[in-house]
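> mmCIF, C-alpha atoms (C1' of nucleotides), saved as my_file-v5.cif, coming up:
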data_coords
loop_
_atom_site.label_atom_id
_atom_site.label_comp_id
_atom_site.auth_asym_id
_atom_site.auth_seq_id
_atom_site.Cartn_x
_atom_site.Cartn_y
_atom_site.Cartn_z
CA MET T 86 -15.82 15.89 29.05
CA SER T 87 -12.19 16.43 29.78
CA SER T 88 -11.16 13.03 28.56
CA ASN T 89 -7.49 12.17 28.52
CA SER T 90 -5.40 10.22 26.05
CA ARG T 91 -3.69 7.85 28.46
CA LEU T 92 -5.59 4.74 27.39
CA THR T 93 -4.88 5.64 23.77
CA ILE T 94 -1.17 6.22 24.33
CA ALA T 95 -0.73 3.16 26.54
CA THR T 96 -2.46 0.98 23.96
CA HIS T 97 -0.24 2.47 21.26
CA ILE T 98 2.85 1.69 23.34
CA LEU T 99 1.88 -1.93 23.94
CA ALA T 100 0.81 -2.55 20.35
CA TRP T 101 4.12 -1.15 19.16
CA MET T 102 6.05 -3.29 21.63
CA ALA T 103 4.12 -6.36 20.51
CA LEU T 104 5.00 -5.59 16.90
CA VAL T 105 8.69 -5.10 17.64
CA GLU T 106 8.92 -8.19 19.81
CA THR T 107 7.66 -10.38 16.98
CA GLY T 108 11.15 -9.82 15.54
CA ARG T 109 13.29 -10.24 18.63
CA ALA T 110 12.79 -9.81 22.34
CA ASP T 111 15.45 -7.25 23.16
CA PRO T 112 14.25 -4.57 25.55
CA VAL T 113 13.10 -1.39 23.80
CA THR T 114 13.81 2.06 25.18
CA SER T 115 11.33 4.79 26.02
CA GLU T 116 13.16 6.94 23.53
CA ARG T 117 12.38 4.62 20.61
CA ILE T 118 8.75 4.28 21.66
CA ALA T 119 8.46 8.05 21.92
CA ARG T 120 9.39 8.38 18.27
CA SER T 121 6.40 6.29 17.15
CA VAL T 122 4.00 8.00 19.53
CA ASN T 123 5.51 11.41 18.77
CA THR T 124 5.90 12.67 22.31
CA ASN T 125 8.47 13.04 25.08
CA PRO T 126 10.17 9.91 26.47
CA VAL T 127 9.18 10.90 30.01
CA VAL T 128 5.53 10.68 29.05
CA ILE T 129 6.21 7.13 27.86
CA ARG T 130 8.12 6.21 31.00
CA ARG T 131 5.31 7.50 33.18
CA LEU T 132 2.78 5.29 31.45
CA LEU T 133 5.13 2.30 31.34
CA GLY T 134 5.63 2.76 35.07
CA ALA T 135 1.88 2.52 35.62
CA LEU T 136 1.69 -0.54 33.40
CA ALA T 137 4.62 -2.14 35.25
CA ARG T 138 2.88 -1.62 38.59
CA LYS T 139 0.05 -3.81 37.28
CA GLY T 140 2.49 -6.41 35.94
CA LEU T 141 1.82 -5.79 32.24
CA VAL T 142 5.41 -4.86 31.34
CA LYS T 143 8.84 -5.21 32.92
CA SER T 144 11.64 -2.69 33.07
CA HIS T 145 15.31 -3.64 32.73
CA ARG T 146 18.23 -1.53 33.87
CA GLY T 147 21.96 -1.39 33.35
CA ALA T 148 23.44 -1.83 29.90
CA ASN T 149 20.97 -2.85 27.17
CA ALA T 150 18.21 -1.54 29.40
CA GLY T 151 14.61 -0.92 28.37
CA TRP T 152 11.19 -2.52 28.52
CA THR T 153 9.59 -5.83 27.56
CA LEU T 154 6.05 -7.16 27.66
CA ALA T 155 5.46 -9.25 30.77
CA THR T 156 3.07 -11.60 28.99
CA SER T 157 1.90 -12.34 25.48
CA ALA T 158 -0.03 -9.73 23.55
CA ASP T 159 -3.21 -11.78 23.54
CA ALA T 160 -3.21 -11.92 27.35
CA ILE T 161 -3.37 -8.15 27.79
CA THR T 162 -6.81 -6.56 27.43
CA LEU T 163 -7.83 -2.94 27.19
CA SER T 164 -9.50 -3.41 30.56
CA ASP T 165 -6.12 -4.22 32.11
CA ILE T 166 -4.63 -1.12 30.52
CA TYR T 167 -7.52 1.10 31.53
CA ARG T 168 -7.26 0.05 35.15
CA ALA T 169 -3.51 0.61 35.06
CA VAL T 170 -3.51 4.14 33.69
CA ASP T 171 -6.91 5.62 34.64
CA ASP T 172 -8.64 5.93 37.95
CA GLY T 173 -11.88 4.60 36.57
CA SER T 174 -14.43 7.21 37.55
CA LEU T 175 -16.42 8.21 34.51
CA PHE T 176 -18.79 10.60 36.27
CA ALA T 177 -18.19 12.70 39.35
CA MET T 178 -20.57 13.35 42.19
CA HIS T 179 -21.52 16.89 43.26
CA ALA T 180 -18.55 19.22 43.67
CA SER T 181 -20.15 20.66 46.80
CA PRO T 182 -22.38 18.28 48.77
CA PRO T 183 -26.11 18.66 48.07
CA ASN T 184 -28.60 19.99 50.60
CA GLN T 185 -29.24 17.24 53.16
CA ALA T 186 -32.52 18.86 54.18
CA CYS T 187 -34.00 17.97 50.78
CA PRO T 188 -35.11 14.38 50.05
CA VAL T 189 -33.43 14.46 46.66
CA GLY T 190 -30.28 16.06 48.00
CA ARG T 191 -30.13 13.47 50.74
CA GLY T 192 -30.87 10.39 48.64
CA ILE T 193 -29.43 10.93 45.19
CA GLN T 194 -25.79 10.11 45.76
CA PRO T 195 -26.18 6.43 46.78
CA VAL T 196 -28.56 5.88 43.87
CA LEU T 197 -26.24 7.46 41.32
CA THR T 198 -23.28 5.60 42.78
CA GLN T 199 -25.10 2.34 42.06
CA VAL T 200 -25.93 3.47 38.54
CA TYR T 201 -22.35 4.58 37.87
CA ASP T 202 -20.91 1.35 39.28
CA ALA T 203 -23.12 -0.63 36.93
CA LEU T 204 -21.91 1.51 34.04
CA ASP T 205 -18.33 0.88 35.00
CA ALA T 206 -18.95 -2.87 35.08
CA VAL T 207 -20.38 -2.77 31.57
CA LEU T 208 -17.46 -0.69 30.36
CA GLN T 209 -14.91 -3.08 31.88
CA LYS T 210 -16.66 -6.05 30.31
CA GLN T 211 -16.51 -4.46 26.88
CA LEU T 212 -12.88 -3.40 27.29
CA ALA T 213 -11.92 -6.89 28.47
CA GLU T 214 -12.98 -8.33 25.13
CA VAL T 215 -10.28 -6.51 23.18
CA THR T 216 -6.64 -7.59 23.48
CA ILE T 217 -3.45 -5.93 22.34
CA LYS T 218 -3.13 -8.69 19.79
CA ASP T 219 -6.58 -7.80 18.42
CA ILE T 220 -5.56 -4.16 18.13
CA LEU T 221 -2.28 -4.98 16.40
CA ASP T 222 -3.97 -7.43 14.01
CA ARG T 223 -6.55 -4.84 13.05
CA ILE T 224 -3.85 -2.21 12.53
CA LEU T 225 -1.85 -4.48 10.26
CA ALA T 226 -4.92 -5.76 8.40
CA LYS T 227 -5.64 -2.24 7.19
CA ASP T 228 -2.07 -1.84 5.97
CA ARG T 229 -2.71 -3.13 2.48
CA MET S 233 -9.83 10.80 34.42
CA SER S 234 -10.98 14.35 34.79
CA SER S 235 -14.62 13.50 35.02
CA ASN S 236 -17.18 16.23 35.51
CA SER S 237 -20.36 16.34 37.54
CA ARG S 238 -22.70 17.64 34.85
CA LEU S 239 -24.61 14.38 34.40
CA THR S 240 -24.96 14.13 38.18
CA ILE S 241 -26.19 17.69 38.61
CA ALA S 242 -28.53 17.56 35.62
CA THR S 243 -30.04 14.31 36.90
CA HIS S 244 -30.43 15.88 40.33
CA ILE S 245 -32.21 18.87 38.78
CA LEU S 246 -34.65 16.76 36.80
CA ALA S 247 -35.38 14.38 39.68
CA TRP S 248 -36.09 17.34 41.92
CA MET S 249 -38.35 18.93 39.29
CA ALA S 250 -40.22 15.64 38.90
CA LEU S 251 -40.73 15.47 42.66
CA VAL S 252 -42.00 19.03 42.89
CA GLU S 253 -44.28 18.69 39.88
CA THR S 254 -46.09 15.76 41.47
CA GLY S 255 -47.66 18.43 43.69
CA ARG S 256 -48.44 21.11 41.13
CA ALA S 257 -47.08 22.12 37.76
CA ASP S 258 -46.05 25.71 38.41
CA PRO S 259 -42.71 26.62 36.90
CA VAL S 260 -39.81 26.39 39.35
CA THR S 261 -36.96 28.89 39.41
CA SER S 262 -33.27 28.22 39.06
CA GLU S 263 -32.87 29.83 42.46
CA ARG S 264 -35.03 27.20 44.19
CA ILE S 265 -33.31 24.35 42.39
CA ALA S 266 -29.94 25.76 43.36
CA ARG S 267 -30.86 25.42 47.03
CA SER S 268 -31.35 21.67 46.74
CA VAL S 269 -28.24 21.15 44.65
CA ASN S 270 -26.27 23.60 46.81
CA THR S 271 -24.67 25.66 44.08
CA ASN S 272 -25.09 28.91 42.18
CA PRO S 273 -28.30 29.53 40.17
CA VAL S 274 -26.26 30.31 37.07
CA VAL S 275 -24.80 26.81 37.14
CA ILE S 276 -28.36 25.49 37.16
CA ARG S 277 -29.45 27.78 34.34
CA ARG S 278 -26.50 26.70 32.22
CA LEU S 279 -27.48 23.05 32.56
CA LEU S 280 -31.19 23.76 32.09
CA GLY S 281 -30.28 25.66 28.94
CA ALA S 282 -28.51 22.57 27.58
CA LEU S 283 -31.47 20.38 28.55
CA ALA S 284 -33.89 22.82 26.89
CA ARG S 285 -31.90 22.71 23.65
CA LYS S 286 -32.61 18.97 23.54
CA GLY S 287 -36.27 19.48 24.39
CA LEU S 288 -36.19 17.93 27.85
CA VAL S 289 -37.36 21.04 29.72
CA LYS S 290 -39.04 24.33 28.83
CA SER S 291 -38.28 27.79 30.11
CA HIS S 292 -40.94 30.38 30.83
CA ARG S 293 -40.40 34.12 31.10
CA GLY S 294 -42.27 37.13 32.32
CA ALA S 295 -44.14 37.00 35.62
CA ASN S 296 -44.27 33.58 37.33
CA ALA S 297 -41.35 32.54 35.19
CA GLY S 298 -39.21 29.44 35.63
CA TRP S 299 -38.83 25.93 34.24
CA THR S 300 -41.02 22.87 33.69
CA LEU S 301 -40.37 19.35 32.45
CA ALA S 302 -41.20 19.07 28.77
CA THR S 303 -42.37 15.47 29.12
CA SER S 304 -43.14 12.97 31.85
CA ALA S 305 -40.37 11.76 34.13
CA ASP S 306 -40.51 8.22 32.78
CA ALA S 307 -39.86 9.48 29.26
CA ILE S 308 -36.51 11.05 30.10
CA THR S 309 -33.54 8.69 30.28
CA LEU S 310 -30.02 9.24 31.52
CA SER S 311 -28.90 8.79 27.93
CA ASP S 312 -30.94 11.83 26.91
CA ILE S 313 -29.40 13.83 29.74
CA TYR S 314 -25.89 12.66 28.97
CA ARG S 315 -26.16 13.68 25.34
CA ALA S 316 -27.56 17.05 26.37
CA VAL S 317 -24.86 18.04 28.84
CA ASP S 318 -21.73 16.11 27.78
CA ASP S 319 -19.93 15.93 24.49
CA GLY S 320 -19.72 12.16 24.63
CA SER S 321 -16.06 11.44 24.11
CA LEU S 322 -14.84 9.13 26.84
CA PHE S 323 -11.29 8.73 25.57
CA ALA S 324 -9.19 11.17 23.61
CA MET S 325 -6.86 10.41 20.72
CA HIS S 326 -3.19 11.42 20.75
CA ALA S 327 -2.62 15.03 21.78
CA SER S 328 0.03 15.34 19.08
CA PRO S 329 -0.51 13.16 16.00
CA PRO S 330 1.53 9.93 15.99
CA ASN S 331 4.40 9.25 13.62
CA GLN S 332 2.92 8.45 10.21
CA ALA S 333 6.13 6.70 9.15
CA CYS S 334 5.41 3.92 11.65
CA PRO S 335 2.80 1.24 10.89
CA VAL S 336 1.34 1.53 14.36
CA GLY S 337 1.38 5.31 14.34
CA ARG S 338 -0.30 5.30 10.96
CA GLY S 339 -2.95 2.69 11.70
CA ILE S 340 -3.91 2.94 15.32
CA GLN S 341 -6.31 5.86 15.27
CA PRO S 342 -9.00 4.36 13.02
CA VAL S 343 -8.88 1.13 15.01
CA LEU S 344 -9.21 2.87 18.36
CA THR S 345 -11.97 5.09 16.99
CA GLN S 346 -13.96 1.95 16.17
CA VAL S 347 -13.31 0.54 19.63
CA TYR S 348 -14.28 3.77 21.35
CA ASP S 349 -17.43 4.13 19.25
CA ALA S 350 -18.49 0.64 20.28
CA LEU S 351 -17.88 1.56 23.91
CA ASP S 352 -19.98 4.65 23.53
CA ALA S 353 -22.83 2.61 22.06
CA VAL S 354 -22.75 0.23 25.03
CA LEU S 355 -22.68 3.14 27.42
CA GLN S 356 -25.67 4.83 25.75
CA LYS S 357 -27.61 1.58 25.82
CA GLN S 358 -27.05 1.19 29.53
CA LEU S 359 -27.88 4.82 30.26
CA ALA S 360 -31.06 4.60 28.17
CA GLU S 361 -32.43 1.96 30.53
CA VAL S 362 -32.64 4.33 33.49
CA THR S 363 -35.29 7.07 33.58
CA ILE S 364 -35.70 10.05 35.84
CA LYS S 365 -38.72 8.31 37.32
CA ASP S 366 -36.52 5.30 38.18
CA ILE S 367 -34.03 7.56 39.89
CA LEU S 368 -36.70 9.39 41.86
CA ASP S 369 -38.41 6.14 42.89
CA ARG S 370 -35.14 4.71 44.12
CA ILE S 371 -34.37 7.89 46.04
CA LEU S 372 -37.75 7.87 47.77
CA ALA S 373 -37.67 4.12 48.42
CA LYS S 374 -34.61 4.56 50.59
CA ASP S 375 -36.26 7.31 52.57
CA ARG S 376 -37.76 5.05 55.23
"C1'" DC U 225 36.23 -0.03 39.41
"C1'" DC U 226 34.71 3.43 36.64
"C1'" DC U 227 31.75 4.68 32.31
"C1'" DT U 228 27.87 4.67 29.93
"C1'" DG U 229 23.09 4.43 28.82
"C1'" DT U 230 18.63 4.07 30.57
"C1'" DC U 231 15.27 4.03 34.17
"C1'" DG U 232 12.35 6.41 37.62
"C1'" DT U 233 10.70 10.40 39.47
"C1'" DA U 234 10.50 15.20 41.01
"C1'" DA U 235 9.54 19.79 39.64
"C1'" DC U 236 7.67 23.08 36.79
"C1'" DA U 237 5.29 25.59 32.70
"C1'" DG U 238 1.54 26.08 29.49
"C1'" DT U 239 -2.87 24.96 28.21
"C1'" DA U 240 -7.52 23.51 28.85
"C1'" DT U 241 -11.51 22.35 31.61
"C1'" DT U 242 -14.59 22.78 35.34
"C1'" DT U 243 -17.08 25.18 38.73
"C1'" DG U 244 -18.51 29.22 40.84
"C1'" DT U 245 -19.45 34.19 40.69
"C1'" DT U 246 -20.86 38.96 39.24
"C1'" DA U 247 -23.12 41.60 36.00
"C1'" DC U 248 -26.53 42.89 32.86
"C1'" DA U 249 -29.65 42.98 28.83
"C1'" DA U 250 -34.03 40.62 27.26
"C1'" DC U 251 -38.37 39.09 28.15
"C1'" DG U 252 -43.29 39.02 29.27
"C1'" DC U 253 -47.02 39.10 32.50
"C1'" DG U 254 -49.76 41.87 35.75
"C1'" DC V 199 -44.50 50.69 33.39
"C1'" DG V 200 -42.44 47.64 37.10
"C1'" DC V 201 -40.92 43.43 38.51
"C1'" DG V 202 -38.84 38.90 38.75
"C1'" DT V 203 -36.63 35.60 36.08
"C1'" DT V 204 -34.21 33.96 32.10
"C1'" DG V 205 -30.08 33.71 29.14
"C1'" DT V 206 -25.50 34.71 28.44
"C1'" DA V 207 -21.05 37.04 28.73
"C1'" DA V 208 -16.98 37.67 31.34
"C1'" DC V 209 -13.92 36.53 34.70
"C1'" DA V 210 -11.46 33.97 38.78
"C1'" DA V 211 -9.87 29.98 41.22
"C1'" DA V 212 -8.90 25.28 41.33
"C1'" DT V 213 -7.71 21.25 39.08
"C1'" DA V 214 -6.04 18.13 35.38
"C1'" DC V 215 -3.27 16.97 31.43
"C1'" DT V 216 0.68 17.07 28.53
"C1'" DG V 217 5.21 18.20 27.72
"C1'" DT V 218 9.82 19.45 29.35
"C1'" DT V 219 14.20 19.76 32.06
"C1'" DA V 220 16.86 17.84 35.50
"C1'" DC V 221 19.06 14.46 38.13
"C1'" DG V 222 19.92 10.51 41.19
"C1'" DA V 223 19.71 5.22 40.87
"C1'" DC V 224 20.90 1.30 38.67
"C1'" DA V 225 23.54 -2.45 36.38
"C1'" DG V 226 26.26 -4.36 32.92
"C1'" DG V 227 30.65 -3.77 29.91
"C1'" DG V 228 35.21 -2.56 29.44
#
Produce structure tokens that represent the structure in this file.


Amino acid sequence: MSSNSRLTIATHILAWMALVETGRADPVTSERIARSVNTNPVVIRRLLGALARKGLVKSHRGANAGWTLATSADAITLSDIYRAVDDGSLFAMHASPPNQACPVGRGIQPVLTQVYDALDAVLQKQLAEVTIKDILDRILAKDR
Amino acid sequence: MSSNSRLTIATHILAWMALVETGRADPVTSERIARSVNTNPVVIRRLLGALARKGLVKSHRGANAGWTLATSADAITLSDIYRAVDDGSLFAMHASPPNQACPVGRGIQPVLTQVYDALDAVLQKQLAEVTIKDILDRILAKDR
DNA sequence: CCCTGTCGTAACAGTATTTGTTACAACGCG
DNA sequence: CGCGTTGTAACAAATACTGTTACGACAGGG
């Protein structure tokens, strides 16, 4: 599967922001975040933009600009992040439409759509049980 | 997400084979299957090859060659198919390794690996509850 | 009122993946 | 032997993902 790393990177970003904000709540810049994630600041800004569109973070401009969490770290779940940065289709239908003259070709797509929707619901439920705070706590717990 | 259609196509193939085999158990050719799926026979053979490696179908050569189901349609689950045709990694880790000098960069990968493994287990469990026979029954039930 | 630092986004390159296609050797039954 | 099909290699086109450069928009400080 050509899986992407957006959920991973976005979770990394938010966990890092949660850690930094435990000190003080100044906005952090995409450039600082990029150093922890080890990538380009534009990649960070793209993901933060997606997270901001779902209300998970806020951007600040002008002097002392940057980003802050919009809510507390235990109110953000991996399900929220997933829906912000991924389009949520695990499995694709046929690239070219199946033969409508065949009973299977005609009937399989609605059935698989139901199956895939159920899978997505289960996935969301599982993702919703993990918060950024959980992730950060587990990261720091290992650090001894 | 760049999802692929391999699970969809492989399920289509097996449901179609199950339907045809209810009549008689002659091997079917990749060329006939390709007509229902509406794609190239080589695409079908590639997927059947992956399914054969996991023991879900058998290939036959020589005269009257083709493919047959290795077991009954209610003994093949979507989990079996998924593991045969997909590599089973829903979410990728960082493309370039995170900064090891940062607590988050150092600790996040093992934590996310655990989370993703748990997700995969839930996904497999859900997929294992649907058989090819279920799929075919639901396809035919709609056909009235 | 300008200067500065950062956001937000467009544009593009490089790589990888997916699907479809052609080609061809290997196989095994009649 | 002759034939049809498998099994796989090789390649092309389309798409997706990550990283990168570039630059206008913005807002607060001096």

> Evaluate the PyMOL selection byres ((chain T and resi 140) around 10) against this structure - the residues, as a list in words, please.

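Applying the expression gives Gly134, Ala135, Leu136, Ala137, Arg138, Lys139, Leu141, Val142, Lys143, Leu154, Ala155, Thr156, Asp165 and Ala169 of chain T.
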
> Show me the residues around (-43.5, 33.7, 34.3) - criterion: an atom at most 10 Å away, only C-alpha atoms (C1' of nucleotides) counted - as an MDAnalysis selection string.

(chainID S and resid 258:261 291:299) or (chainID U and resid 251:253) or (chainID V and resid 202:204)

> Please evaluate the PyMOL selection byres ((chain S and resi 274-277) around 12) against the displayed coordinates and give the resulting residues as number ranges by chain.

T: 180; S: 237-238, 240-246, 260-273, 278-284, 289-291, 298-299, 317; U: 242-247; V: 203-207

> What do you get, as a list in words, if you spell out every residue that the PyMOL selection byres ((chain U and resi 225) around 12) selects here?

DC226 and DC227 of chain U; DG227 and DG228 of chain V

> Identify, on the basis of all atoms listed in the file, every residue whose closest approach to V:DA220 does not exceed 12 Å; exclude the query and any residue fewer than 5 positions from it along the same chain; express the result as a PyMOL selection string.

(chain T and resi 127) or (chain U and resi 233-236)

> Determine, for each residue of chain V having at least one atom at most 12 Å from an atom of chain T, the closest pair of atoms and their separation in Å to one decimal, counting only C-alpha atoms (C1' of nucleotides); order by chain and ascending number, as a Markdown table.


| residue | atom | partner | partner_atom | distance |
| --- | --- | --- | --- | --- |
| V:DA212 | C1' | T:Ala180 | CA | 11.6 |
| V:DT213 | C1' | T:Ser87 | CA | 11.4 |
| V:DA214 | C1' | T:Ser87 | CA | 8.5 |
| V:DC215 | C1' | T:Asn89 | CA | 7.0 |
| V:DT216 | C1' | T:Val128 | CA | 8.0 |
| V:DG217 | C1' | T:Asn125 | CA | 6.7 |
| V:DT218 | C1' | T:Asn125 | CA | 7.8 |
| V:DT219 | C1' | T:Val127 | CA | 10.4 |
| V:DA220 | C1' | T:Val127 | CA | 11.7 |
| V:DA223 | C1' | T:Arg146 | CA | 9.8 |
| V:DC224 | C1' | T:Gly147 | CA | 6.1 |
| V:DA225 | C1' | T:Gly147 | CA | 3.6 |
| V:DG226 | C1' | T:Ala148 | CA | 4.8 |
| V:DG227 | C1' | T:Ala148 | CA | 7.5 |
| V:DG228 | C1' | T:Ala148 | CA | 11.8 |

> Keeping C-alpha atoms (C1' of nucleotides) for every residue in the selection just given, could you write it to a file as a PDB file, in the coordinates of the input?


ATOM      1  C1'  DA V 212      -8.900  25.280  41.330  1.00  0.00           C
ATOM      2  C1'  DT V 213      -7.710  21.250  39.080  1.00  0.00           C
ATOM      3  C1'  DA V 214      -6.040  18.130  35.380  1.00  0.00           C
ATOM      4  C1'  DC V 215      -3.270  16.970  31.430  1.00  0.00           C
ATOM      5  C1'  DT V 216       0.680  17.070  28.530  1.00  0.00           C
ATOM      6  C1'  DG V 217       5.210  18.200  27.720  1.00  0.00           C
ATOM      7  C1'  DT V 218       9.820  19.450  29.350  1.00  0.00           C
ATOM      8  C1'  DT V 219      14.200  19.760  32.060  1.00  0.00           C
ATOM      9  C1'  DA V 220      16.860  17.840  35.500  1.00  0.00           C
ATOM     10  C1'  DA V 223      19.710   5.220  40.870  1.00  0.00           C
ATOM     11  C1'  DC V 224      20.900   1.300  38.670  1.00  0.00           C
ATOM     12  C1'  DA V 225      23.540  -2.450  36.380  1.00  0.00           C
ATOM     13  C1'  DG V 226      26.260  -4.360  32.920  1.00  0.00           C
ATOM     14  C1'  DG V 227      30.650  -3.770  29.910  1.00  0.00           C
ATOM     15  C1'  DG V 228      35.210  -2.560  29.440  1.00  0.00           C
TER      16       DG V 228
END

> Would you kindly report the residues of chain T within 8 Å of chain S, using all atoms listed in the file, as a PyMOL selection string?

chain T and resi 86-90+92-94+97+100-101+120-124+171-184+187-190+192-193+196-197+204+207-208+211-212+220-221+223-225+227-228

> Atom CA of T:Ser157 and atom CA of T:Lys210 are how many Å apart?

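One can read the atom CA of T:Ser157 to atom CA of T:Lys210 distance as 20.2 Å.
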
> Just need the residues of chain U within 9 Å of chain T, counting only C-alpha atoms (C1' of nucleotides), so spit them out as JSON, numbers by chain.

{"U": [228, 229, 230, 231, 232, 233, 240, 241, 242, 243]}

> How far is it from atom CA of T:Thr216 to atom CA of T:Tyr167, in Å with one decimal?

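Atom CA of T:Thr216 sits 11.9 Å away from atom CA of T:Tyr167.
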
> Can you tell me how far atom CA of T:Ala110 sits from atom CA of T:Thr162, in Å to one decimal?

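For atom CA of T:Ala110 relative to atom CA of T:Thr162, the distance reads 20.5 Å.
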
> Will you model N, CA, C and O atoms for stretch 174-190 of chain T and pass it back as a compact mmCIF listing (two decimals), in the frame of the given file?


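In the end it all went to selection.txt:
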# COMPACT_ATOMS: atom_id res chain seq x y z
N SER T 174 -13.19 6.56 37.15
CA SER T 174 -14.43 7.21 37.55
C SER T 174 -14.93 8.05 36.39
O SER T 174 -14.39 9.12 36.12
N LEU T 175 -15.93 7.53 35.71
CA LEU T 175 -16.42 8.21 34.51
C LEU T 175 -17.14 9.50 34.87
O LEU T 175 -16.94 10.52 34.22
N PHE T 176 -17.96 9.45 35.91
CA PHE T 176 -18.79 10.60 36.27
C PHE T 176 -18.56 10.95 37.72
O PHE T 176 -18.46 10.08 38.58
N ALA T 177 -18.45 12.24 37.99
CA ALA T 177 -18.19 12.70 39.35
C ALA T 177 -19.49 12.99 40.07
O ALA T 177 -20.51 13.28 39.45
N MET T 178 -19.44 12.91 41.39
CA MET T 178 -20.57 13.35 42.19
C MET T 178 -20.53 14.88 42.30
O MET T 178 -19.67 15.52 41.72
N HIS T 179 -21.45 15.45 43.07
CA HIS T 179 -21.52 16.89 43.26
C HIS T 179 -20.18 17.43 43.76
O HIS T 179 -19.56 16.85 44.64
N ALA T 180 -19.78 18.57 43.21
CA ALA T 180 -18.55 19.22 43.67
C ALA T 180 -18.72 19.69 45.10
O ALA T 180 -17.83 19.50 45.94
N SER T 181 -19.84 20.33 45.40
CA SER T 181 -20.15 20.66 46.80
C SER T 181 -21.36 19.84 47.20
O SER T 181 -22.31 19.71 46.43
N PRO T 182 -21.36 19.25 48.38
CA PRO T 182 -22.38 18.28 48.77
C PRO T 182 -23.78 18.88 48.72
O PRO T 182 -23.98 20.02 49.12
N PRO T 183 -24.76 18.12 48.22
CA PRO T 183 -26.11 18.66 48.07
C PRO T 183 -26.76 18.88 49.43
O PRO T 183 -26.29 18.39 50.46
N ASN T 184 -27.85 19.61 49.40
CA ASN T 184 -28.60 19.99 50.60
C ASN T 184 -29.23 18.75 51.27
O ASN T 184 -30.14 18.14 50.74
N GLN T 185 -28.76 18.43 52.48
CA GLN T 185 -29.24 17.24 53.16
C GLN T 185 -30.66 17.41 53.70
O GLN T 185 -31.29 16.44 54.12
N ALA T 186 -31.16 18.63 53.70
CA ALA T 186 -32.52 18.86 54.18
C ALA T 186 -33.55 18.53 53.12
O ALA T 186 -34.75 18.51 53.38
N CYS T 187 -33.09 18.27 51.89
CA CYS T 187 -34.00 17.97 50.78
C CYS T 187 -33.96 16.47 50.51
O CYS T 187 -32.88 15.87 50.51
N PRO T 188 -35.10 15.83 50.29
CA PRO T 188 -35.11 14.38 50.05
C PRO T 188 -34.22 13.98 48.88
O PRO T 188 -33.51 12.98 48.94
N VAL T 189 -34.26 14.78 47.82
CA VAL T 189 -33.43 14.46 46.66
C VAL T 189 -31.96 14.67 47.00
O VAL T 189 -31.11 13.83 46.71
N GLY T 190 -31.66 15.78 47.63
CA GLY T 190 -30.28 16.06 48.00
C GLY T 190 -29.72 14.99 48.91
O GLY T 190 -28.54 14.62 48.83
